[in-house]
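As structure tokens, the structure follows; a few thoughts come after it.
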Amino acid sequence: MAILLTIARKEWLDGIRNRWVLAIALMLWGLAVGLAYFGGVASGLVGFTSIESTLASLASLAVVILPLIALMLGHDALIGEAERGTLLLLLTYPITPGQLLLGKFIGQALMLAVATALGFGSAALTLLLLTPALDTGVVLYLFAVLILSAILLSWIFLAMAYALSGWVNEKAKAAGASLMLWFFFVVVFDLLMLGLLIGLPERLDFASLPYLMLLNPADIFRIFNLGLLSSEEAKTGVMAAGGSLGLGATGLLAGLLLWLCSMMGLARLLFQRSLLRM
């Protein structure tokens with residue numbers, strides 16, 4: 001445990017020194033407040049509309065921004081050490097590859113958690129200060145759920161980044177693969193689901209479509225958060241199909257945790273194999 005904490009502390013201090021935490025928190029706060037008050041400009045609406053439309057917009061924002069941040073943060077965690085020549089040096093100390101991977105992950109995961117909590121938490125306080133009519137308890141509850149689930153989503157993609165970092169042999173390849181992975185899960189996957197939803201009606205069993213969405217942690221995250229809202233406005237298209245899963249909040253959270261454990265297991269396996277090639 002002492003070894004893990006030492007490695008995690010080093011990663012945390014690197015993030016503080018490079019202002020990662022502050023930059024992510026300020027970006028999330030600015031985007032969240034901007035969406036809350038100017039998200040309806042295209043429809044001719046300016047100003048705060050409702051907490052539900054705001055939360056739906058923030059869930060979509062988190063799906064786009066947080067996976068990209070996590071992938072860019074962790075893509076060189078392992079291959080970067082190898083290219084700098086410090087990986088083999090680190091492994092000469094009384095530390096196992098699994099401890100090195102987990103320690104680095106804990107440090108960067110803590111960075112993402114603090115930045116996400118500060119960014120969205122500050123946005124919630126800003127909304128409460130500027131819109132006194134809001135129910136404080138409801139706002140704090142919905143934002144707390146959003147923050148916790150967003151942190152879990154970012155950890156999943158951070159684990160994916162570690163898997164890539166343990167698989168490729170060059171940092172540039174890891175960066176390129178991270179962008180491709182982000183593009184697939186955030187953009188391409190839902191387009192494929194829409195194609196199945198509207199393009200292949202005779203060949204597709206629609207009852208099975210929602211379960212295909214469990215193959216994408218970003219969709220699980222959105223279904224979970226939209227399921228907390230009573231408004232049906234945001235539950236259209238693929239998200240409307242996902243609402244019929246019937247797993248409940250607990251089942252969806254279990255799905256996210258399964259994704260996290262699977263990606264960490266894959267990262268460790270690929271990292272161990274990369275060490276054998278050295």
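Order determines the names: the first chain of the structure tokens is A, the second B, and so forth; residues in each chain are numbered 1 upward, and ligands are numbered 1 upward as they are shown.
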
> Can you list every residue in range 12-201 of chain A that DSSP puts in helix (DSSP H, G or I), as number ranges by chain?
Replying inline: A: 12-17, 20-38, 41-43, 51-74, 79-84, 87-90, 97-130, 136-167, 171-199

> Which residues come within 10 Å of Asp14 in chain A, counting only C-alpha atoms, excluding same-chain residues fewer than 4 positions away, as a ChimeraX atom specification?
Replying inline: /A:8-10,18-20,107-108,111

> Do you know which residues are at most 10 Å from range 1-7 of chain A counting only C-alpha atoms, after dropping those on the same chain fewer than 2 positions away, and could you put them as an MDAnalysis selection string?
Replying inline: chainID A and resid 9:12 94:96 98:107

> Could you pull the residues within 12 Å of Ile220 in chain A, counting only C-alpha atoms, minus those fewer than 2 positions along the same chain, as a ChimeraX atom specification?
Replying inline: /A:59-60,63,149-150,152-153,156,185-186,190,210-218,222-227,238-239,241-243,245,247-259

>> Nearest residue to Asp219 in chain A out of A:Val64, A:Leu31, A:Met72, A:Thr126, using only C-alpha atoms?
In response: A:Val64

Write out, as a tab-separated table, each residue of range 78-124 of chain A that has an atom at most 10 Å from range 164-169 of chain A, together with the closest pair of atoms and their distance in Å to one decimal, counting only C-alpha atoms, rows going by chain and rising number.
residue	atom	partner	partner_atom	distance
A:Leu78	CA	A:Ser165	CA	5.4
A:Ile79	CA	A:Ser165	CA	5.3
A:Gly80	CA	A:Ser165	CA	8.0
A:Glu81	CA	A:Ser165	CA	9.9
A:Ala82	CA	A:Asn169	CA	8.7
A:Glu83	CA	A:Asn169	CA	8.7
A:Leu101	CA	A:Gly166	CA	9.5

Please produce an output containing N, CA, C and O atoms for each residue in the selection, written as a PDB file, in the first residue's frame.
ATOM      1  N   LEU A  78       2.304   4.515 -19.592  1.00  0.00           N
ATOM      2  CA  LEU A  78       3.249   3.399 -19.560  1.00  0.00           C
ATOM      3  C   LEU A  78       4.273   3.485 -20.686  1.00  0.00           C
ATOM      4  O   LEU A  78       5.480   3.361 -20.447  1.00  0.00           O
ATOM      5  N   ILE A  79       3.815   3.704 -21.917  1.00  0.00           N
ATOM      6  CA  ILE A  79       4.747   3.781 -23.038  1.00  0.00           C
ATOM      7  C   ILE A  79       5.639   5.012 -22.917  1.00  0.00           C
ATOM      8  O   ILE A  79       6.785   5.013 -23.366  1.00  0.00           O
ATOM      9  N   GLY A  80       5.112   6.078 -22.280  1.00  0.00           N
ATOM     10  CA  GLY A  80       5.928   7.269 -22.059  1.00  0.00           C
ATOM     11  C   GLY A  80       7.109   6.970 -21.155  1.00  0.00           C
ATOM     12  O   GLY A  80       8.234   7.443 -21.394  1.00  0.00           O
ATOM     13  N   GLU A  81       6.878   6.183 -20.098  1.00  0.00           N
ATOM     14  CA  GLU A  81       7.974   5.788 -19.207  1.00  0.00           C
ATOM     15  C   GLU A  81       9.000   4.940 -19.958  1.00  0.00           C
ATOM     16  O   GLU A  81      10.210   5.077 -19.755  1.00  0.00           O
ATOM     17  N   ALA A  82       8.509   4.074 -20.848  1.00  0.00           N
ATOM     18  CA  ALA A  82       9.419   3.220 -21.618  1.00  0.00           C
ATOM     19  C   ALA A  82      10.271   4.053 -22.568  1.00  0.00           C
ATOM     20  O   ALA A  82      11.487   3.828 -22.697  1.00  0.00           O
ATOM     21  N   GLU A  83       9.671   5.034 -23.247  1.00  0.00           N
ATOM     22  CA  GLU A  83      10.419   5.855 -24.196  1.00  0.00           C
ATOM     23  C   GLU A  83      11.431   6.757 -23.488  1.00  0.00           C
ATOM     24  O   GLU A  83      12.480   7.060 -24.051  1.00  0.00           O
ATOM     25  N   LEU A 101       1.394  -0.024 -12.363  1.00  0.00           N
ATOM     26  CA  LEU A 101       0.213   0.347 -13.151  1.00  0.00           C
ATOM     27  C   LEU A 101      -0.893   0.880 -12.250  1.00  0.00           C
ATOM     28  O   LEU A 101      -1.475   1.932 -12.527  1.00  0.00           O
TER      29      LEU A 101
END

>> Please compute the CA of Glu52 in chain A-CA of Leu129 in chain A distance, one decimal, in Å.
In response: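 The value is 17.5 Å.
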
> Between A:Ile24, A:Arg268, A:Ala177, A:Ala124, which one has atoms that come closest to Thr136 in chain A, using only C-alpha atoms?
Replying inline: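 So, comparing all the options, the nearest one is A:Ala124.
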
Got a sec: who's within 6 Å of range 141-148 of chain A, counting only C-alpha atoms, leaving out chain neighbours fewer than 3 positions off, as a PDB file with all heavy atoms, in the first residue's frame?
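The result, written out as selection03.pdb:
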ATOM      1  N   ALA A 117     -15.338  16.937  -9.912  1.00  0.00           N
ATOM      2  CA  ALA A 117     -16.143  17.390  -8.774  1.00  0.00           C
ATOM      3  C   ALA A 117     -16.086  18.912  -8.634  1.00  0.00           C
ATOM      4  O   ALA A 117     -17.110  19.565  -8.391  1.00  0.00           O
ATOM      5  CB  ALA A 117     -15.651  16.715  -7.495  1.00  0.00           C
ATOM      6  N   VAL A 138     -32.932  19.218  -4.634  1.00  0.00           N
ATOM      7  CA  VAL A 138     -33.016  18.503  -5.905  1.00  0.00           C
ATOM      8  C   VAL A 138     -31.773  18.761  -6.753  1.00  0.00           C
ATOM      9  O   VAL A 138     -31.196  17.834  -7.338  1.00  0.00           O
ATOM     10  CB  VAL A 138     -34.293  18.926  -6.675  1.00  0.00           C
ATOM     11  CG1 VAL A 138     -34.283  18.349  -8.090  1.00  0.00           C
ATOM     12  CG2 VAL A 138     -35.527  18.477  -5.921  1.00  0.00           C
ATOM     13  N   ILE A 151     -17.389  10.713 -12.950  1.00  0.00           N
ATOM     14  CA  ILE A 151     -16.068  10.270 -12.490  1.00  0.00           C
ATOM     15  C   ILE A 151     -15.839   8.818 -12.881  1.00  0.00           C
ATOM     16  O   ILE A 151     -14.754   8.447 -13.379  1.00  0.00           O
ATOM     17  CB  ILE A 151     -15.953  10.459 -10.961  1.00  0.00           C
ATOM     18  CG1 ILE A 151     -15.863  11.950 -10.617  1.00  0.00           C
ATOM     19  CG2 ILE A 151     -14.733   9.713 -10.413  1.00  0.00           C
ATOM     20  CD1 ILE A 151     -15.947  12.233  -9.132  1.00  0.00           C
TER      21      ILE A 151
END
